[in-house]
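Asks: Dropping a structure here in C-alpha cells format, bear with me for questions.
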Amino acid sequence: MTKYTGRTAVVVGEATAVGLAVAKRLVEGGARVVLTARTAQERHRLGAELGSTARVVAPSGVGGCLTSGGAVDLLFADVVATARPLLPRLTDGGAVVLMTPAPSSAAVHALAAELVSRGIRVNAVAPGCIAAPDGDGVHLPPLGRLGAAEEVARAALFLATDATFTTGVRFPVDGGLSRP
C-alpha cells in the first residue's frame, strides 16, 4: 500500500494506542513518520515495532528529527497546545488532526479558522469507550461494545487525507455516546 508515499507525518503527544495505530497505518502506506514517546524504553519498543521508516523520539526531539527546514504534511496531536509549535513547519494544504476527547468544538473551529488561509484543514476525532488492556467494568456505549484504537486511527486518517472538504469538525468515535 502506497497511499501516503512522499508524505511526512508527525504524531505528537502522549504515546497512546491510538497514536501508535495511526503511525502504523502511515508507515504501512509509505509515509515517513515521527512519533513521540516519553521514556527511552517506550521509544525503543515502538521503534522496533514501527521499523526503519519511523523515528520515535522524546517529545522535545521532534524538531531535530525533521531535517533543517523540513516540512510536515500531516500532523496528529493530542491537543492544540501540543500541535502549535509544529504549525510553522506544516505545509500549506496540509492537515492537523487532534486525537483526544479534550478539544472542544470551539477550539477545533478556532484553529481551523486560523489556518484556513494556508489551506490547512483542522479536524478532531473524539474517542470514547475505547478498549484498554486494563479496562474492566467499563459501561458500554449504545453500540454494545468497546471500540478499538484502530477504529479511531481510521477515522483520524480519513479526516487527514480523504476528507478534503472538511475542516473545523470534531468527529466523535464513541459508539454512540455523544448522540443527542
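To be explicit about the labels: the chains of the C-alpha cells are called A, B, and onward in the order shown, and within each one the residues are counted from 1, while ligands get numbers from 1 in the order they are shown.
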Extract the full set of strand (DSSP E) residues from stretch 29-154 of chain A according to DSSP on the backbone, and format it as JSON, numbers by chain.
Replies: {"A": [32, 33, 34, 35, 36, 54, 55, 56, 57, 72, 73, 74, 75, 76, 77, 90, 91, 92, 93, 94, 95, 96, 97, 98, 121, 122, 123, 124, 125, 126, 127]}
Asks: Which residues are close to A:Gly175, i.e. within 12 Å by only C-alpha atoms, leaving aside same-chain residues fewer than 2 positions away? Reply as a ChimeraX atom specification.
Replies: /A:126-131,139-148,151-152,171-173,177-179
Asks: Determine, for each residue of stretch 110-155 of chain A having at least one atom at most 12 Å from an atom of stretch 164-167 of chain A, the closest pair of atoms and their separation in Å to one decimal, counting only C-alpha atoms; order by chain and ascending number, as a Markdown table.
Replies:
```
| residue | atom | partner | partner_atom | distance |
| --- | --- | --- | --- | --- |
| A:Ala110 | CA | A:Thr167 | CA | 10.5 |
| A:Leu111 | CA | A:Thr167 | CA | 9.6 |
| A:Ala112 | CA | A:Thr167 | CA | 6.2 |
| A:Ala113 | CA | A:Thr167 | CA | 8.7 |
| A:Glu114 | CA | A:Thr167 | CA | 11.3 |
| A:Leu115 | CA | A:Thr167 | CA | 9.9 |
| A:Val116 | CA | A:Thr167 | CA | 8.5 |
| A:Gly119 | CA | A:Thr167 | CA | 9.9 |
| A:Ile120 | CA | A:Thr167 | CA | 8.4 |
| A:Arg121 | CA | A:Thr167 | CA | 4.9 |
| A:Val122 | CA | A:Thr167 | CA | 5.2 |
| A:Asn123 | CA | A:Thr167 | CA | 5.5 |
| A:Ala124 | CA | A:Thr167 | CA | 9.1 |
| A:Val125 | CA | A:Thr167 | CA | 11.9 |
```
Asks: Could you pull the residues within 10 Å of A:Leu26, counting only C-alpha atoms, minus those fewer than 3 positions along the same chain, as a list in words?
Replies: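 Near neighbours after the sequence-gap exclusion: Met1, Thr2, Lys3, Tyr4, Thr5, Arg7, Thr8, Ala9, Val10, Leu20, Ala21, Val22, Ala23, Gly29, Gly30, Ala31, Arg32, Val33, Leu50, Thr53, Ala54, Leu74, Ala153 and Leu157 of chain A.
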Asks: For the residues in that selection, give me C-alpha atoms as a PDB file, in the first residue's frame.
Replies:
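Generated file (result-v2.pdb):
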```pdb
ATOM      1  CA  MET A   1       0.000   0.000   0.000  1.00  0.00           C
ATOM      2  CA  THR A   2       1.468   3.367  -1.012  1.00  0.00           C
ATOM      3  CA  LYS A   3      -1.340   5.748  -0.141  1.00  0.00           C
ATOM      4  CA  TYR A   4       0.916   8.007   1.949  1.00  0.00           C
ATOM      5  CA  THR A   5       4.169   7.772  -0.052  1.00  0.00           C
ATOM      6  CA  ARG A   7       4.297  12.434   2.897  1.00  0.00           C
ATOM      7  CA  THR A   8       5.875  13.288   6.202  1.00  0.00           C
ATOM      8  CA  ALA A   9       3.680  12.817   9.245  1.00  0.00           C
ATOM      9  CA  VAL A  10       4.251  13.684  12.880  1.00  0.00           C
ATOM     10  CA  LEU A  20       0.545   4.065  17.552  1.00  0.00           C
ATOM     11  CA  ALA A  21      -2.292   2.769  15.358  1.00  0.00           C
ATOM     12  CA  VAL A  22      -2.122   5.972  13.261  1.00  0.00           C
ATOM     13  CA  ALA A  23       1.673   5.690  12.977  1.00  0.00           C
ATOM     14  CA  GLY A  29       1.168   3.356   3.486  1.00  0.00           C
ATOM     15  CA  GLY A  30       4.678   4.601   2.748  1.00  0.00           C
ATOM     16  CA  ALA A  31       4.880   7.791   4.843  1.00  0.00           C
ATOM     17  CA  ARG A  32       7.906   8.972   6.763  1.00  0.00           C
ATOM     18  CA  VAL A  33       6.722   9.163  10.390  1.00  0.00           C
ATOM     19  CA  LEU A  50       7.316   0.529  13.511  1.00  0.00           C
ATOM     20  CA  THR A  53      10.782   4.464   8.123  1.00  0.00           C
ATOM     21  CA  ALA A  54       9.670   5.775  11.500  1.00  0.00           C
ATOM     22  CA  LEU A  74       0.167  15.598   8.272  1.00  0.00           C
ATOM     23  CA  ALA A 153      -6.975   5.683  13.736  1.00  0.00           C
ATOM     24  CA  LEU A 157      -6.578   9.184   8.752  1.00  0.00           C
TER      25      LEU A 157
END
```
Asks: One number please: atom CA of A:Leu35 to atom CA of A:Gly13, in Å, one decimal.
Replies: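 About the pair atom CA of A:Leu35 and atom CA of A:Gly13: they are 8.6 Å apart.
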